[in-house]
Amino acid sequence: MTQNQTRPSGGPVIRTRALTRHFTRHKRTVEAVRALDLEVGAGELVAFLGPNGAGKSTTLRMLTTLLPPTSGSAEVAGFDVVTQRRDVRRSIGYVGQGNAAAHAQRGRDELVCQGRAFGLSRARARERASELLHDFDLTEQADRPVSTLSGGQRRRLDVAIGLVHAPPLMFLDEPSTGLDPQNRVNLQEQVLRLHREHGTTVVLTTHYLEEADSIADRVIVIDHGSVIADDTAARLKAGLGDLVSLGFDSPDAAATAADRAARLPGADVTLRDSEVQVRVAHGRALVPGLVVDLAGSGAPVTRLEVVGPTLDDVFLDLTGRSLRDAAGEPTSAPEGAAA
């Protein structure tokens, strides 16, 4: 099998069946990933979203052959992750949570060495290094020691290292963790450009809601080692509906409003003193008619707010807790097992 050659296939680039990984800690079995069934098509940009300890990184480590499954199966780029590890590794790029480049090494040298490791000639490795340094806005920093680069520059270098052999499939494990907001946005733009301009299939893990929402074609929500939702961010949020908050000048008016709002199809109504909250699909479009109806019923609205659903609302609806809070929880799995 020649470099970058993948097995011809009209099927998905990633396919798992009942993929499972258990760890034993203090004589207790921890289920990091539970019977994962997954298919990812060529050219998709997929985000695994979930709190720390959900099983996101464990899943990526199995798909990239760094961790053997306890049971189940997985094929990546047409190759089995257990029996054809070398072929899988030649077909993918992988950027882990740690920095890939040695601190004392220069960025350009790291890229050239990586290219040589994948079989590129010295001339082609240098050419490829220059291409990537340009693509990731690192040309001016190319000959500086890695230790002198900023966090954002080092993370972009990590991604560049994973792309030296021009893989058709790229895995990114928490690529934005530890970056300030500006560098996080910069890196996200680089990932989007990689996906759009080169057609690279990208699979990343994240616990940043905004990251999954803004760049992913498809969001796979993972909690306690299981997939609990899998769709586009827009459809996941649309299924939950808008949150309409209504204020009134008395509890009686609010009670009348709650009764009227409950007649809306699929509405979830909460009454608190002089305020009513309504979670309902297409709430923004329904609000004008609702306000007119309430005014005619003797319950004029004194305060109105409509907020579209977020992926955190989706996670809260699915699990009963906020992803923003859950993302800060310590993992119950062994170090590095299910982050």
# chains A, B, ... in the order shown; residues from 1 in each chain; ligands from 1
>>> select_by_dssp(residues="segment 7-224 of chain A", states="alpha helix (DSSP H)", output="PDB file with N, CA, C and O atoms, in the first residue's frame")
ATOM      1  N   LYS A  56     -15.260  11.289  24.785  1.00  0.00           N
ATOM      2  CA  LYS A  56     -14.912  11.843  23.476  1.00  0.00           C
ATOM      3  C   LYS A  56     -13.492  11.462  23.065  1.00  0.00           C
ATOM      4  O   LYS A  56     -13.258  10.943  21.973  1.00  0.00           O
ATOM      5  N   SER A  57     -12.529  11.740  23.927  1.00  0.00           N
ATOM      6  CA  SER A  57     -11.132  11.482  23.586  1.00  0.00           C
ATOM      7  C   SER A  57     -10.847   9.984  23.503  1.00  0.00           C
ATOM      8  O   SER A  57     -10.051   9.545  22.666  1.00  0.00           O
ATOM      9  N   THR A  58     -11.504   9.199  24.338  1.00  0.00           N
ATOM     10  CA  THR A  58     -11.332   7.748  24.258  1.00  0.00           C
ATOM     11  C   THR A  58     -11.787   7.238  22.898  1.00  0.00           C
ATOM     12  O   THR A  58     -11.145   6.381  22.281  1.00  0.00           O
ATOM     13  N   THR A  59     -12.895   7.773  22.416  1.00  0.00           N
ATOM     14  CA  THR A  59     -13.381   7.389  21.089  1.00  0.00           C
ATOM     15  C   THR A  59     -12.356   7.729  20.015  1.00  0.00           C
ATOM     16  O   THR A  59     -12.029   6.902  19.155  1.00  0.00           O
ATOM     17  N   LEU A  60     -11.808   8.940  20.060  1.00  0.00           N
ATOM     18  CA  LEU A  60     -10.810   9.332  19.063  1.00  0.00           C
ATOM     19  C   LEU A  60      -9.564   8.462  19.153  1.00  0.00           C
ATOM     20  O   LEU A  60      -8.976   8.099  18.130  1.00  0.00           O
ATOM     21  N   ARG A  61      -9.164   8.105  20.340  1.00  0.00           N
ATOM     22  CA  ARG A  61      -7.951   7.293  20.488  1.00  0.00           C
ATOM     23  C   ARG A  61      -8.154   5.882  19.949  1.00  0.00           C
ATOM     24  O   ARG A  61      -7.207   5.278  19.437  1.00  0.00           O
ATOM     25  N   MET A  62      -9.359   5.381  20.050  1.00  0.00           N
ATOM     26  CA  MET A  62      -9.623   4.086  19.414  1.00  0.00           C
ATOM     27  C   MET A  62      -9.645   4.212  17.900  1.00  0.00           C
ATOM     28  O   MET A  62      -9.084   3.376  17.191  1.00  0.00           O
ATOM     29  N   LEU A  63     -10.260   5.272  17.384  1.00  0.00           N
ATOM     30  CA  LEU A  63     -10.345   5.453  15.939  1.00  0.00           C
ATOM     31  C   LEU A  63      -8.990   5.724  15.309  1.00  0.00           C
ATOM     32  O   LEU A  63      -8.776   5.438  14.128  1.00  0.00           O
ATOM     33  N   ARG A  85      -3.585  -1.397  11.641  1.00  0.00           N
ATOM     34  CA  ARG A  85      -3.240  -0.132  12.280  1.00  0.00           C
ATOM     35  C   ARG A  85      -2.326   0.729  11.408  1.00  0.00           C
ATOM     36  O   ARG A  85      -2.501   1.943  11.312  1.00  0.00           O
ATOM     37  N   ARG A  86      -1.342   0.121  10.770  1.00  0.00           N
ATOM     38  CA  ARG A  86      -0.402   0.891   9.950  1.00  0.00           C
ATOM     39  C   ARG A  86      -1.138   1.603   8.801  1.00  0.00           C
ATOM     40  O   ARG A  86      -0.870   2.775   8.518  1.00  0.00           O
ATOM     41  N   ASP A  87      -2.066   0.900   8.161  1.00  0.00           N
ATOM     42  CA  ASP A  87      -2.815   1.498   7.056  1.00  0.00           C
ATOM     43  C   ASP A  87      -3.706   2.638   7.546  1.00  0.00           C
ATOM     44  O   ASP A  87      -3.861   3.656   6.864  1.00  0.00           O
ATOM     45  N   VAL A  88      -4.320   2.454   8.718  1.00  0.00           N
ATOM     46  CA  VAL A  88      -5.135   3.529   9.289  1.00  0.00           C
ATOM     47  C   VAL A  88      -4.281   4.764   9.516  1.00  0.00           C
ATOM     48  O   VAL A  88      -4.646   5.889   9.123  1.00  0.00           O
ATOM     49  N   ARG A  89      -3.111   4.569  10.133  1.00  0.00           N
ATOM     50  CA  ARG A  89      -2.261   5.710  10.489  1.00  0.00           C
ATOM     51  C   ARG A  89      -1.750   6.450   9.261  1.00  0.00           C
ATOM     52  O   ARG A  89      -1.556   7.665   9.301  1.00  0.00           O
ATOM     53  N   ARG A  90      -1.530   5.739   8.169  1.00  0.00           N
ATOM     54  CA  ARG A  90      -1.077   6.406   6.951  1.00  0.00           C
ATOM     55  C   ARG A  90      -2.207   7.173   6.266  1.00  0.00           C
ATOM     56  O   ARG A  90      -1.951   8.009   5.398  1.00  0.00           O
ATOM     57  N   SER A  91      -3.430   6.883   6.660  1.00  0.00           N
ATOM     58  CA  SER A  91      -4.587   7.485   5.996  1.00  0.00           C
ATOM     59  C   SER A  91      -5.171   8.666   6.754  1.00  0.00           C
ATOM     60  O   SER A  91      -6.105   9.308   6.268  1.00  0.00           O
ATOM     61  N   GLY A 107      10.013  25.177  14.236  1.00  0.00           N
ATOM     62  CA  GLY A 107       8.789  24.717  13.603  1.00  0.00           C
ATOM     63  C   GLY A 107       9.004  24.120  12.231  1.00  0.00           C
ATOM     64  O   GLY A 107       8.466  23.062  11.907  1.00  0.00           O
ATOM     65  N   ARG A 108       9.825  24.783  11.403  1.00  0.00           N
ATOM     66  CA  ARG A 108      10.073  24.274  10.060  1.00  0.00           C
ATOM     67  C   ARG A 108      10.727  22.897  10.114  1.00  0.00           C
ATOM     68  O   ARG A 108      10.367  21.984   9.362  1.00  0.00           O
ATOM     69  N   ASP A 109      11.682  22.734  11.024  1.00  0.00           N
ATOM     70  CA  ASP A 109      12.373  21.454  11.134  1.00  0.00           C
ATOM     71  C   ASP A 109      11.427  20.339  11.560  1.00  0.00           C
ATOM     72  O   ASP A 109      11.535  19.195  11.089  1.00  0.00           O
ATOM     73  N   GLU A 110      10.484  20.662  12.457  1.00  0.00           N
ATOM     74  CA  GLU A 110       9.509  19.658  12.884  1.00  0.00           C
ATOM     75  C   GLU A 110       8.674  19.184  11.701  1.00  0.00           C
ATOM     76  O   GLU A 110       8.417  17.989  11.533  1.00  0.00           O
ATOM     77  N   LEU A 111       8.257  20.119  10.869  1.00  0.00           N
ATOM     78  CA  LEU A 111       7.441  19.760   9.714  1.00  0.00           C
ATOM     79  C   LEU A 111       8.228  18.919   8.709  1.00  0.00           C
ATOM     80  O   LEU A 111       7.718  17.937   8.161  1.00  0.00           O
ATOM     81  N   VAL A 112       9.479  19.289   8.481  1.00  0.00           N
ATOM     82  CA  VAL A 112      10.316  18.532   7.548  1.00  0.00           C
ATOM     83  C   VAL A 112      10.544  17.112   8.077  1.00  0.00           C
ATOM     84  O   VAL A 112      10.433  16.133   7.327  1.00  0.00           O
ATOM     85  N   CYS A 113      10.843  16.998   9.365  1.00  0.00           N
ATOM     86  CA  CYS A 113      11.069  15.672   9.955  1.00  0.00           C
ATOM     87  C   CYS A 113       9.823  14.803   9.855  1.00  0.00           C
ATOM     88  O   CYS A 113       9.906  13.604   9.558  1.00  0.00           O
ATOM     89  N   GLN A 114       8.665  15.406  10.083  1.00  0.00           N
ATOM     90  CA  GLN A 114       7.414  14.648   9.977  1.00  0.00           C
ATOM     91  C   GLN A 114       7.196  14.182   8.553  1.00  0.00           C
ATOM     92  O   GLN A 114       6.770  13.050   8.298  1.00  0.00           O
ATOM     93  N   GLY A 115       7.479  15.063   7.592  1.00  0.00           N
ATOM     94  CA  GLY A 115       7.343  14.672   6.188  1.00  0.00           C
ATOM     95  C   GLY A 115       8.262  13.527   5.816  1.00  0.00           C
ATOM     96  O   GLY A 115       7.866  12.596   5.108  1.00  0.00           O
ATOM     97  N   ARG A 116       9.502  13.576   6.292  1.00  0.00           N
ATOM     98  CA  ARG A 116      10.451  12.501   6.017  1.00  0.00           C
ATOM     99  C   ARG A 116       9.979  11.190   6.636  1.00  0.00           C
ATOM    100  O   ARG A 116      10.138  10.115   6.046  1.00  0.00           O
ATOM    101  N   ALA A 117       9.369  11.280   7.829  1.00  0.00           N
ATOM    102  CA  ALA A 117       8.872  10.070   8.490  1.00  0.00           C
ATOM    103  C   ALA A 117       7.758   9.412   7.684  1.00  0.00           C
ATOM    104  O   ALA A 117       7.572   8.189   7.749  1.00  0.00           O
ATOM    105  N   ARG A 122      13.489  14.623   0.740  1.00  0.00           N
ATOM    106  CA  ARG A 122      13.907  15.804   1.498  1.00  0.00           C
ATOM    107  C   ARG A 122      13.393  17.083   0.829  1.00  0.00           C
ATOM    108  O   ARG A 122      12.899  17.989   1.500  1.00  0.00           O
ATOM    109  N   ALA A 123      13.493  17.136  -0.509  1.00  0.00           N
ATOM    110  CA  ALA A 123      13.043  18.329  -1.220  1.00  0.00           C
ATOM    111  C   ALA A 123      11.529  18.521  -1.067  1.00  0.00           C
ATOM    112  O   ALA A 123      11.052  19.639  -0.826  1.00  0.00           O
ATOM    113  N   ARG A 124      10.774  17.415  -1.200  1.00  0.00           N
ATOM    114  CA  ARG A 124       9.323  17.522  -1.081  1.00  0.00           C
ATOM    115  C   ARG A 124       8.920  17.845   0.348  1.00  0.00           C
ATOM    116  O   ARG A 124       7.962  18.599   0.576  1.00  0.00           O
ATOM    117  N   ALA A 125       9.632  17.313   1.326  1.00  0.00           N
ATOM    118  CA  ALA A 125       9.325  17.603   2.728  1.00  0.00           C
ATOM    119  C   ALA A 125       9.520  19.088   3.027  1.00  0.00           C
ATOM    120  O   ALA A 125       8.709  19.710   3.727  1.00  0.00           O
ATOM    121  N   ARG A 126      10.576  19.673   2.481  1.00  0.00           N
ATOM    122  CA  ARG A 126      10.819  21.112   2.688  1.00  0.00           C
ATOM    123  C   ARG A 126       9.744  21.939   1.974  1.00  0.00           C
ATOM    124  O   ARG A 126       9.264  22.944   2.505  1.00  0.00           O
ATOM    125  N   GLU A 127       9.380  21.502   0.770  1.00  0.00           N
ATOM    126  CA  GLU A 127       8.337  22.206   0.030  1.00  0.00           C
ATOM    127  C   GLU A 127       7.008  22.145   0.773  1.00  0.00           C
ATOM    128  O   GLU A 127       6.288  23.142   0.881  1.00  0.00           O
ATOM    129  N   ARG A 128       6.686  20.953   1.279  1.00  0.00           N
ATOM    130  CA  ARG A 128       5.436  20.777   2.011  1.00  0.00           C
ATOM    131  C   ARG A 128       5.439  21.610   3.292  1.00  0.00           C
ATOM    132  O   ARG A 128       4.411  22.201   3.662  1.00  0.00           O
ATOM    133  N   ALA A 129       6.579  21.670   3.967  1.00  0.00           N
ATOM    134  CA  ALA A 129       6.683  22.480   5.184  1.00  0.00           C
ATOM    135  C   ALA A 129       6.392  23.941   4.881  1.00  0.00           C
ATOM    136  O   ALA A 129       5.648  24.611   5.612  1.00  0.00           O
ATOM    137  N   SER A 130       6.954  24.448   3.794  1.00  0.00           N
ATOM    138  CA  SER A 130       6.728  25.847   3.419  1.00  0.00           C
ATOM    139  C   SER A 130       5.257  26.105   3.096  1.00  0.00           C
ATOM    140  O   SER A 130       4.702  27.152   3.460  1.00  0.00           O
ATOM    141  N   GLU A 131       4.616  25.144   2.416  1.00  0.00           N
ATOM    142  CA  GLU A 131       3.196  25.281   2.089  1.00  0.00           C
ATOM    143  C   GLU A 131       2.358  25.407   3.362  1.00  0.00           C
ATOM    144  O   GLU A 131       1.489  26.283   3.476  1.00  0.00           O
ATOM    145  N   LEU A 132       2.620  24.535   4.326  1.00  0.00           N
ATOM    146  CA  LEU A 132       1.829  24.524   5.547  1.00  0.00           C
ATOM    147  C   LEU A 132       2.104  25.746   6.411  1.00  0.00           C
ATOM    148  O   LEU A 132       1.186  26.300   7.040  1.00  0.00           O
ATOM    149  N   LEU A 133       3.343  26.172   6.476  1.00  0.00           N
ATOM    150  CA  LEU A 133       3.678  27.380   7.236  1.00  0.00           C
ATOM    151  C   LEU A 133       2.932  28.582   6.673  1.00  0.00           C
ATOM    152  O   LEU A 133       2.436  29.429   7.424  1.00  0.00           O
ATOM    153  N   HIS A 134       2.816  28.636   5.360  1.00  0.00           N
ATOM    154  CA  HIS A 134       2.065  29.719   4.735  1.00  0.00           C
ATOM    155  C   HIS A 134       0.575  29.591   5.033  1.00  0.00           C
ATOM    156  O   HIS A 134      -0.092  30.572   5.407  1.00  0.00           O
ATOM    157  N   ASP A 135       0.030  28.379   4.883  1.00  0.00           N
ATOM    158  CA  ASP A 135      -1.397  28.160   5.079  1.00  0.00           C
ATOM    159  C   ASP A 135      -1.835  28.505   6.496  1.00  0.00           C
ATOM    160  O   ASP A 135      -2.966  28.970   6.707  1.00  0.00           O
ATOM    161  N   GLY A 151       0.592  30.383  22.452  1.00  0.00           N
ATOM    162  CA  GLY A 151      -0.254  29.192  22.511  1.00  0.00           C
ATOM    163  C   GLY A 151      -1.005  28.947  21.216  1.00  0.00           C
ATOM    164  O   GLY A 151      -1.101  27.815  20.740  1.00  0.00           O
ATOM    165  N   GLY A 152      -1.515  30.023  20.616  1.00  0.00           N
ATOM    166  CA  GLY A 152      -2.227  29.869  19.362  1.00  0.00           C
ATOM    167  C   GLY A 152      -1.324  29.440  18.223  1.00  0.00           C
ATOM    168  O   GLY A 152      -1.708  28.608  17.385  1.00  0.00           O
ATOM    169  N   GLN A 153      -0.121  29.993  18.180  1.00  0.00           N
ATOM    170  CA  GLN A 153       0.835  29.609  17.135  1.00  0.00           C
ATOM    171  C   GLN A 153       1.250  28.155  17.278  1.00  0.00           C
ATOM    172  O   GLN A 153       1.336  27.410  16.293  1.00  0.00           O
ATOM    173  N   ARG A 154       1.468  27.708  18.504  1.00  0.00           N
ATOM    174  CA  ARG A 154       1.865  26.314  18.727  1.00  0.00           C
ATOM    175  C   ARG A 154       0.739  25.361  18.339  1.00  0.00           C
ATOM    176  O   ARG A 154       0.985  24.287  17.784  1.00  0.00           O
ATOM    177  N   ARG A 155      -0.507  25.774  18.620  1.00  0.00           N
ATOM    178  CA  ARG A 155      -1.621  24.894  18.276  1.00  0.00           C
ATOM    179  C   ARG A 155      -1.783  24.812  16.760  1.00  0.00           C
ATOM    180  O   ARG A 155      -2.087  23.742  16.221  1.00  0.00           O
ATOM    181  N   ARG A 156      -1.578  25.916  16.068  1.00  0.00           N
ATOM    182  CA  ARG A 156      -1.649  25.874  14.606  1.00  0.00           C
ATOM    183  C   ARG A 156      -0.520  25.017  14.043  1.00  0.00           C
ATOM    184  O   ARG A 156      -0.699  24.303  13.049  1.00  0.00           O
ATOM    185  N   LEU A 157       0.636  25.064  14.675  1.00  0.00           N
ATOM    186  CA  LEU A 157       1.746  24.212  14.247  1.00  0.00           C
ATOM    187  C   LEU A 157       1.395  22.738  14.453  1.00  0.00           C
ATOM    188  O   LEU A 157       1.723  21.889  13.611  1.00  0.00           O
ATOM    189  N   ASP A 158       0.719  22.436  15.554  1.00  0.00           N
ATOM    190  CA  ASP A 158       0.278  21.054  15.799  1.00  0.00           C
ATOM    191  C   ASP A 158      -0.591  20.550  14.655  1.00  0.00           C
ATOM    192  O   ASP A 158      -0.434  19.425  14.167  1.00  0.00           O
ATOM    193  N   VAL A 159      -1.553  21.382  14.231  1.00  0.00           N
ATOM    194  CA  VAL A 159      -2.436  20.989  13.142  1.00  0.00           C
ATOM    195  C   VAL A 159      -1.641  20.818  11.857  1.00  0.00           C
ATOM    196  O   VAL A 159      -1.854  19.863  11.094  1.00  0.00           O
ATOM    197  N   ALA A 160      -0.703  21.726  11.598  1.00  0.00           N
ATOM    198  CA  ALA A 160       0.129  21.630  10.398  1.00  0.00           C
ATOM    199  C   ALA A 160       0.930  20.328  10.385  1.00  0.00           C
ATOM    200  O   ALA A 160       1.048  19.663   9.344  1.00  0.00           O
ATOM    201  N   ILE A 161       1.458  19.932  11.526  1.00  0.00           N
ATOM    202  CA  ILE A 161       2.217  18.684  11.626  1.00  0.00           C
ATOM    203  C   ILE A 161       1.329  17.492  11.260  1.00  0.00           C
ATOM    204  O   ILE A 161       1.752  16.560  10.571  1.00  0.00           O
ATOM    205  N   GLY A 162       0.082  17.536  11.704  1.00  0.00           N
ATOM    206  CA  GLY A 162      -0.838  16.446  11.390  1.00  0.00           C
ATOM    207  C   GLY A 162      -1.235  16.382   9.927  1.00  0.00           C
ATOM    208  O   GLY A 162      -1.767  15.372   9.477  1.00  0.00           O
ATOM    209  N   PRO A 181      -9.764  33.590  23.618  1.00  0.00           N
ATOM    210  CA  PRO A 181     -10.840  33.652  22.615  1.00  0.00           C
ATOM    211  C   PRO A 181     -10.366  34.034  21.218  1.00  0.00           C
ATOM    212  O   PRO A 181     -10.845  33.464  20.224  1.00  0.00           O
ATOM    213  N   GLN A 182      -9.434  34.972  21.099  1.00  0.00           N
ATOM    214  CA  GLN A 182      -8.974  35.389  19.773  1.00  0.00           C
ATOM    215  C   GLN A 182      -8.257  34.249  19.060  1.00  0.00           C
ATOM    216  O   GLN A 182      -8.505  33.982  17.878  1.00  0.00           O
ATOM    217  N   ASN A 183      -7.362  33.568  19.763  1.00  0.00           N
ATOM    218  CA  ASN A 183      -6.641  32.451  19.149  1.00  0.00           C
ATOM    219  C   ASN A 183      -7.573  31.274  18.865  1.00  0.00           C
ATOM    220  O   ASN A 183      -7.369  30.526  17.904  1.00  0.00           O
ATOM    221  N   ARG A 184      -8.589  31.124  19.691  1.00  0.00           N
ATOM    222  CA  ARG A 184      -9.556  30.047  19.459  1.00  0.00           C
ATOM    223  C   ARG A 184     -10.302  30.278  18.144  1.00  0.00           C
ATOM    224  O   ARG A 184     -10.439  29.366  17.329  1.00  0.00           O
ATOM    225  N   VAL A 185     -10.745  31.516  17.930  1.00  0.00           N
ATOM    226  CA  VAL A 185     -11.447  31.848  16.689  1.00  0.00           C
ATOM    227  C   VAL A 185     -10.507  31.684  15.495  1.00  0.00           C
ATOM    228  O   VAL A 185     -10.899  31.169  14.445  1.00  0.00           O
ATOM    229  N   ASN A 186      -9.251  32.101  15.656  1.00  0.00           N
ATOM    230  CA  ASN A 186      -8.278  31.979  14.574  1.00  0.00           C
ATOM    231  C   ASN A 186      -8.087  30.525  14.174  1.00  0.00           C
ATOM    232  O   ASN A 186      -8.075  30.181  12.983  1.00  0.00           O
ATOM    233  N   LEU A 187      -7.948  29.646  15.165  1.00  0.00           N
ATOM    234  CA  LEU A 187      -7.758  28.228  14.871  1.00  0.00           C
ATOM    235  C   LEU A 187      -9.005  27.638  14.218  1.00  0.00           C
ATOM    236  O   LEU A 187      -8.913  26.838  13.277  1.00  0.00           O
ATOM    237  N   GLN A 188     -10.173  28.039  14.684  1.00  0.00           N
ATOM    238  CA  GLN A 188     -11.409  27.543  14.081  1.00  0.00           C
ATOM    239  C   GLN A 188     -11.491  27.945  12.611  1.00  0.00           C
ATOM    240  O   GLN A 188     -11.943  27.154  11.763  1.00  0.00           O
ATOM    241  N   GLU A 189     -11.054  29.152  12.305  1.00  0.00           N
ATOM    242  CA  GLU A 189     -11.059  29.599  10.907  1.00  0.00           C
ATOM    243  C   GLU A 189     -10.114  28.753  10.060  1.00  0.00           C
ATOM    244  O   GLU A 189     -10.416  28.427   8.906  1.00  0.00           O
ATOM    245  N   GLN A 190      -8.974  28.372  10.638  1.00  0.00           N
ATOM    246  CA  GLN A 190      -8.028  27.526   9.913  1.00  0.00           C
ATOM    247  C   GLN A 190      -8.632  26.147   9.647  1.00  0.00           C
ATOM    248  O   GLN A 190      -8.464  25.575   8.558  1.00  0.00           O
ATOM    249  N   VAL A 191      -9.334  25.606  10.631  1.00  0.00           N
ATOM    250  CA  VAL A 191      -9.969  24.291  10.467  1.00  0.00           C
ATOM    251  C   VAL A 191     -11.057  24.364   9.390  1.00  0.00           C
ATOM    252  O   VAL A 191     -11.171  23.468   8.542  1.00  0.00           O
ATOM    253  N   LEU A 192     -11.845  25.431   9.416  1.00  0.00           N
ATOM    254  CA  LEU A 192     -12.888  25.598   8.405  1.00  0.00           C
ATOM    255  C   LEU A 192     -12.296  25.713   7.004  1.00  0.00           C
ATOM    256  O   LEU A 192     -12.823  25.148   6.046  1.00  0.00           O
ATOM    257  N   ARG A 193     -11.201  26.440   6.886  1.00  0.00           N
ATOM    258  CA  ARG A 193     -10.564  26.594   5.579  1.00  0.00           C
ATOM    259  C   ARG A 193     -10.028  25.257   5.089  1.00  0.00           C
ATOM    260  O   ARG A 193     -10.175  24.907   3.908  1.00  0.00           O
ATOM    261  N   LEU A 194      -9.438  24.490   5.988  1.00  0.00           N
ATOM    262  CA  LEU A 194      -8.950  23.155   5.638  1.00  0.00           C
ATOM    263  C   LEU A 194     -10.086  22.297   5.106  1.00  0.00           C
ATOM    264  O   LEU A 194      -9.955  21.600   4.091  1.00  0.00           O
ATOM    265  N   HIS A 195     -11.223  22.371   5.771  1.00  0.00           N
ATOM    266  CA  HIS A 195     -12.384  21.566   5.386  1.00  0.00           C
ATOM    267  C   HIS A 195     -12.974  22.025   4.065  1.00  0.00           C
ATOM    268  O   HIS A 195     -13.245  21.213   3.168  1.00  0.00           O
ATOM    269  N   ARG A 196     -13.152  23.316   3.905  1.00  0.00           N
ATOM    270  CA  ARG A 196     -13.852  23.841   2.736  1.00  0.00           C
ATOM    271  C   ARG A 196     -12.985  23.848   1.480  1.00  0.00           C
ATOM    272  O   ARG A 196     -13.454  23.509   0.394  1.00  0.00           O
ATOM    273  N   GLU A 197     -11.724  24.246   1.618  1.00  0.00           N
ATOM    274  CA  GLU A 197     -10.880  24.397   0.440  1.00  0.00           C
ATOM    275  C   GLU A 197     -10.256  23.090  -0.018  1.00  0.00           C
ATOM    276  O   GLU A 197      -9.963  22.923  -1.208  1.00  0.00           O
ATOM    277  N   HIS A 198     -10.039  22.158   0.902  1.00  0.00           N
ATOM    278  CA  HIS A 198      -9.368  20.912   0.547  1.00  0.00           C
ATOM    279  C   HIS A 198     -10.284  19.691   0.634  1.00  0.00           C
ATOM    280  O   HIS A 198      -9.864  18.586   0.286  1.00  0.00           O
ATOM    281  N   LEU A 209     -19.333  24.893  23.557  1.00  0.00           N
ATOM    282  CA  LEU A 209     -20.599  24.916  22.840  1.00  0.00           C
ATOM    283  C   LEU A 209     -20.516  25.752  21.576  1.00  0.00           C
ATOM    284  O   LEU A 209     -21.000  25.362  20.513  1.00  0.00           O
ATOM    285  N   GLU A 210     -19.901  26.933  21.696  1.00  0.00           N
ATOM    286  CA  GLU A 210     -19.830  27.845  20.558  1.00  0.00           C
ATOM    287  C   GLU A 210     -19.012  27.247  19.415  1.00  0.00           C
ATOM    288  O   GLU A 210     -19.313  27.465  18.236  1.00  0.00           O
ATOM    289  N   GLU A 211     -17.979  26.489  19.755  1.00  0.00           N
ATOM    290  CA  GLU A 211     -17.140  25.879  18.727  1.00  0.00           C
ATOM    291  C   GLU A 211     -17.932  24.857  17.920  1.00  0.00           C
ATOM    292  O   GLU A 211     -17.911  24.866  16.681  1.00  0.00           O
ATOM    293  N   ALA A 212     -18.638  23.981  18.607  1.00  0.00           N
ATOM    294  CA  ALA A 212     -19.436  22.973  17.917  1.00  0.00           C
ATOM    295  C   ALA A 212     -20.532  23.630  17.087  1.00  0.00           C
ATOM    296  O   ALA A 212     -20.815  23.217  15.960  1.00  0.00           O
ATOM    297  N   ASP A 213     -21.137  24.664  17.637  1.00  0.00           N
ATOM    298  CA  ASP A 213     -22.252  25.324  16.966  1.00  0.00           C
ATOM    299  C   ASP A 213     -21.809  26.061  15.711  1.00  0.00           C
ATOM    300  O   ASP A 213     -22.504  26.073  14.695  1.00  0.00           O
ATOM    301  N   SER A 214     -20.621  26.677  15.765  1.00  0.00           N
ATOM    302  CA  SER A 214     -20.218  27.570  14.684  1.00  0.00           C
ATOM    303  C   SER A 214     -19.524  26.874  13.524  1.00  0.00           C
ATOM    304  O   SER A 214     -19.616  27.336  12.385  1.00  0.00           O
ATOM    305  N   ILE A 215     -18.821  25.758  13.766  1.00  0.00           N
ATOM    306  CA  ILE A 215     -18.036  25.192  12.673  1.00  0.00           C
ATOM    307  C   ILE A 215     -18.473  23.805  12.219  1.00  0.00           C
ATOM    308  O   ILE A 215     -18.157  23.409  11.096  1.00  0.00           O
TER     309      ILE A 215
END
>>> residues_around(residues="Val221 of chain A", least_positions_apart="3", cutoff="7 Å", atoms="only C-alpha atoms", output="MDAnalysis selection string")
chainID A and resid 48:50 227:230
>>> select_by_dssp(residues="segment 32-237 of chain A", states="strand (DSSP E or B)", output="PyMOL selection string")
chain A and resi 32-40+45-49+71-76+79-80+92-95+106+145+169-173+201-206+218-223+226-231
>>> closest_residue(among="A:Leu38, A:Leu311, A:Leu45, A:Ala142", to="Leu204 of chain A", atoms="only C-alpha atoms")
A:Leu45
>>> closest_residue(among="A:Ile92, A:Leu304, A:Ala285, A:Val314", to="Arg235 of chain A", atoms="only C-alpha atoms")
A:Val314
>>> atom_distance(atom1="atom CA of Gly72 of chain A", atom2="atom CA of Thr206 of chain A")
24.1 Å
>>> closest_residue(among="A:Ala281, A:Leu149, A:Val202, A:Ala233", to="Pro175 of chain A", atoms="only C-alpha atoms")
A:Val202
>>> closest_residue(among="A:Val30, A:Val46, A:Ala257, A:Val292", to="Phe171 of chain A", atoms="only C-alpha atoms")
A:Val46
>>> residues_around(residues="Ala54 of chain A", least_positions_apart="5", cutoff="6 Å", atoms="only C-alpha atoms", output="PyMOL selection string")
chain A and resi 222-225+338
>>> closest_residue(among="A:Leu316, A:Leu172, A:Leu290, A:Ile220", to="Gly96 of chain A", atoms="only C-alpha atoms")
A:Leu172
